[in-house]
Amino acid sequence: MFAIHGLSTPHFLLHSARLTGVTAQLSVLLASFWLWMSTLPSDHRVMRFFVKIRNWLVPAWTVVLGAFGTVVMVFAELTAFIPTDRKPLDAIVSLAVFLLNGAAAWHYYQSSRYSRLPLQTAIVYSCAWLSASQVIMVLGETWKLSWWLYHFLLLAAMIVMLVGLVRQYSGAR
């Protein structure tokens, strides 16, 4: 989703900024949702469903995101009905991001206190940085220092998770 955000930067491939705003918030919301989903216990009915489709989950999700990206890049006017500049929508998306990241961060923080696994600690930082980037997106101005800061925080959130993942699996015997 964030790749669609980058490709839809005004005057890069498209001339409208609406898609850029929609995909920026959607990328943070989806990342927050998947992080929260990762906290569900393995016997949860949703997780049992994902276990059943585990071989198809990543390919199917890739196709869905690819199809969505292709459609909205070709028909960018489809996003015109989404009121990205309205405060209630910003508040709802922000609240969802905070709740999802807060729940995920709390879960992984509690787990990391006992296990000391690098990935769990990395996810706690990533959740905080995703939440901070959401605040900056809503309150900041495009092409100002805040705009660059939220992009840096999103990049840092992904890098710290990758580093945590590599450290965890490279240290495993």
# chains A, B, ... in the order shown; residues from 1 in each chain; ligands from 1

$ residues_around --residues "segment 97-103 of chain A" --least-positions-apart "3" --cutoff "10 Å" --atoms "only C-alpha atoms" --output "ChimeraX atom specification"
/A:25-26,28-37,39,91-94,106-109,123-124,126-132,134-135

$ select_by_dssp --residues "chain A" --states "alpha helix (DSSP H)" --output "number ranges by chain"
A: 2-7, 18-37, 45-52, 54-74, 87-115, 118-139, 145-171

$ residues_around --residues "His151 of chain A" --least-positions-apart "4" --cutoff "12 Å" --atoms "only C-alpha atoms" --output "ChimeraX atom specification"
/A:2,5-6,24-25,27-28,129-130,132-134,136-137,140,142-147,155-158

$ atom_distance --atom1 "atom CA of Gly69 of chain A" --atom2 "atom CA of Val46 of chain A"
25.9 Å

$ closest_residue --among "A:Val138, A:Ala67, A:Ala76, A:Leu40" --to "Leu95 of chain A" --atoms "only C-alpha atoms"
A:Val138
